[in-house]
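A.B. asks: Input structure: model.cif, which contains mmCIF, C-alpha atoms.
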data_run
#
loop_
_atom_site.label_atom_id
_atom_site.label_comp_id
_atom_site.auth_asym_id
_atom_site.auth_seq_id
_atom_site.Cartn_x
_atom_site.Cartn_y
_atom_site.Cartn_z
CA MET G 1 -1.35 68.19 25.23
CA LEU G 2 1.85 69.71 24.07
CA GLY G 3 4.77 68.78 26.30
CA TYR G 4 3.26 65.73 27.93
CA GLU G 5 5.21 62.56 27.29
CA GLU G 6 4.34 58.90 27.67
CA ILE G 7 5.07 57.48 31.10
CA ASP G 8 5.26 53.89 32.23
CA GLU G 9 1.68 52.65 32.50
CA SER G 10 2.28 51.49 36.06
CA SER G 11 3.08 55.13 36.93
CA LEU G 12 -0.37 56.34 35.92
CA GLN G 13 -1.98 57.33 39.20
CA PHE G 14 -5.25 58.73 37.89
CA VAL G 15 -6.89 56.36 35.44
CA ASP G 16 -10.18 55.84 33.70
CA GLU G 17 -10.92 53.56 30.76
CA GLY G 18 -9.35 55.90 28.18
CA MET G 19 -6.20 56.98 30.03
CA PRO G 20 -3.93 54.07 29.01
CA GLU G 21 -4.65 54.83 25.34
CA VAL G 22 -4.07 58.56 25.87
CA ASN G 23 -0.76 57.70 27.52
CA LYS G 24 0.33 55.55 24.57
CA LEU G 25 -0.53 58.34 22.12
CA GLN G 26 1.74 60.78 23.99
CA ARG G 27 4.82 59.23 22.34
CA GLN G 28 3.46 59.73 18.83
CA TYR G 29 2.34 63.25 19.67
CA ALA G 30 5.80 64.12 21.04
CA GLU G 31 7.56 62.61 18.03
CA ASN G 32 5.35 64.57 15.63
CA TRP G 33 5.40 67.95 17.36
CA HIS G 34 8.41 68.41 19.65
CA PRO G 35 10.97 68.65 16.79
CA TYR G 36 9.31 71.89 15.67
CA PHE G 37 10.06 73.69 18.93
CA ASP G 38 13.37 75.06 20.17
CA ALA G 39 11.97 76.85 23.23
CA CYS G 40 8.92 76.61 25.45
CA ILE G 41 6.94 78.34 28.16
CA LEU G 42 5.52 76.07 30.85
CA VAL G 43 2.82 77.21 33.26
CA GLY G 44 2.14 75.08 36.31
CA VAL G 45 -0.03 75.14 39.42
CA GLU G 46 0.56 73.78 42.90
CA ASP G 47 -2.91 72.25 42.95
CA THR G 48 -4.63 71.17 39.74
CA ASP G 49 -8.00 71.59 41.46
CA TYR G 50 -7.59 75.35 40.88
CA VAL G 51 -8.92 74.57 37.41
CA TYR G 52 -12.39 73.85 38.82
CA ASP G 53 -12.42 77.14 40.74
CA TRP G 54 -11.22 79.12 37.73
CA ARG G 55 -13.88 77.57 35.47
CA GLU G 56 -16.57 78.33 38.06
CA GLN G 57 -15.37 81.94 38.30
CA ALA G 58 -15.63 82.25 34.51
CA GLU G 59 -19.16 80.84 34.52
CA ILE G 60 -20.26 83.21 37.30
CA GLU G 61 -18.78 86.16 35.40
CA GLN G 62 -20.55 85.09 32.22
CA ARG G 63 -23.89 85.03 34.06
CA ARG G 64 -23.22 88.38 35.71
CA SER G 65 -21.80 90.39 32.84
CA LYS G 66 -23.54 88.90 29.82
CA GLY G 67 -26.68 87.42 31.29
CA LEU G 68 -25.90 84.19 29.51
CA GLY G 69 -26.67 80.74 30.76
CA ALA G 70 -23.68 79.05 32.29
CA LEU G 71 -22.61 75.67 33.55
CA SER G 72 -23.75 74.51 36.98
CA SER G 73 -21.18 73.33 39.52
CA GLU G 74 -21.90 69.71 38.58
CA GLU G 75 -21.55 70.48 34.86
CA ILE G 76 -18.24 72.23 35.55
CA LYS G 77 -16.94 69.12 37.31
CA LYS G 78 -17.93 66.93 34.37
CA PHE G 79 -16.44 69.36 31.85
CA CYS G 80 -13.11 69.74 33.68
CA TYR G 81 -12.78 66.06 34.54
CA ARG G 82 -11.82 65.16 30.96
CA PHE G 83 -8.66 67.28 31.33
CA MET G 84 -7.87 66.58 34.96
CA LEU G 85 -6.55 63.04 34.51
CA SER G 86 -3.88 64.34 32.15
CA TYR G 87 -3.04 67.29 34.39
CA LYS G 88 -2.70 65.01 37.41
CA ASN G 89 -0.66 62.36 35.59
CA TYR G 90 1.70 64.57 33.58
CA LEU G 91 1.89 68.16 34.82
CA ASN G 92 4.21 67.68 37.81
CA ARG G 93 6.69 65.66 35.74
CA LEU G 94 6.55 68.25 32.96
CA MET G 95 7.29 71.09 35.38
CA ILE G 96 10.23 69.21 36.92
CA PHE G 97 11.87 67.83 33.77
CA GLY G 98 10.55 70.09 31.01
CA ILE G 99 10.09 68.83 27.47
CA SER G 100 12.71 66.39 26.22
CA GLY G 101 14.84 67.90 23.48
CA ILE G 102 13.97 71.49 24.36
CA ASP G 103 16.65 73.19 26.42
CA ARG G 104 15.37 76.77 26.45
CA CYS G 105 12.37 76.87 28.73
CA LEU G 106 10.70 79.52 30.86
CA LYS G 107 8.79 77.92 33.73
CA PHE G 108 6.48 79.63 36.16
CA TYR G 109 3.49 78.80 38.31
CA LEU G 110 0.14 80.47 38.93
CA SER G 111 -1.26 80.83 42.44
CA LYS G 112 -4.92 80.16 43.09
CA SER G 113 -5.53 83.89 42.53
CA ARG G 114 -3.65 83.61 39.19
CA VAL G 115 -0.58 85.51 40.37
CA PRO G 116 2.53 84.21 38.56
CA TYR G 117 5.59 83.18 40.56
CA ILE G 118 8.83 81.27 40.08
CA LYS G 119 9.21 78.14 42.20
CA GLU G 120 12.71 77.64 43.50
#
Would you put the structure from the file into structure tokens?

C.D. replies:
Amino acid sequence: MLGYEEIDESSLQFVDEGMPEVNKLQRQYAENWHPYFDACILVGVEDTDYVYDWREQAEIEQRRSKGLGALSSEEIKKFCYRFMLSYKNYLNRLMIFGISGIDRCLKFYLSKSRVPYIKE
């Protein structure tokens, strides 16, 4: 994901069989993409588990408003899991240090109810 950068493999706290390879690819991704940006907007959350709640809300709304089939709670967990390891390994560092080489950066957080705020 844009902005994430490779970290020392021993610093990976949330790992499955593919995470070490994802981590190694972060360097190449950063080298290929970061030079094209001179500013960024970073959006963080205090608790990455909000993602599960937000996805479930979207699925409930889809059922209610459109009458469409939607993911079950278990399917939501499986769907979100593929992103969560990256969020948990990289997001906090990204929000603290920003993206290397990009000095102009607007950072804000979203509360569980999706209200934006600036963390001091």

A.B. asks: Please evaluate the PyMOL selection byres ((chain G and resi 86) around 10) against the displayed coordinates and give the resulting residues as a PyMOL selection string.

C.D. replies: chain G and resi 1+4+12+14-15+19+22-23+81-85+87-91

A.B. asks: Just the number, please: distance in Å from atom CA of Cys105 of chain G to atom CA of Leu42 of chain G, one decimal.

C.D. replies: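 So the two atoms, atom CA of Cys105 of chain G and atom CA of Leu42 of chain G, lie 7.2 Å apart.
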
A.B. asks: So which residues touch Glu74 of chain G within 12 Å, counting only C-alpha atoms, skipping near sequence neighbours fewer than 5 positions away, as a PyMOL selection string?

C.D. replies: chain G and resi 52+55-56+79-81

A.B. asks: So that I can check the surroundings of Ile102 of chain G, please list as an MDAnalysis selection string every protein, DNA and RNA residue that reaches within 7 Å of it, counting all atoms listed in the file and ignoring chain neighbours fewer than 2 positions away.

C.D. replies: chainID G and resid 38:39 99:100 104

A.B. asks: Which value, in Å to one decimal, gives the distance between atom CA of Leu71 of chain G and atom CA of Tyr109 of chain G?

C.D. replies: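 Spanning atom CA of Leu71 of chain G to atom CA of Tyr109 of chain G is a straight-line distance of 26.7 Å.
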
A.B. asks: Any idea what the distance is between atom CA of Gly3 of chain G and atom CA of Cys40 of chain G?

C.D. replies: 8.9 Å

A.B. asks: Given the file above and the PyMOL selection byres ((chain G and resi 112) around 9), which residues are selected, and can you give them as a ChimeraX atom specification?

C.D. replies: /G:45-47,50-51,53-54,110-111,113-115
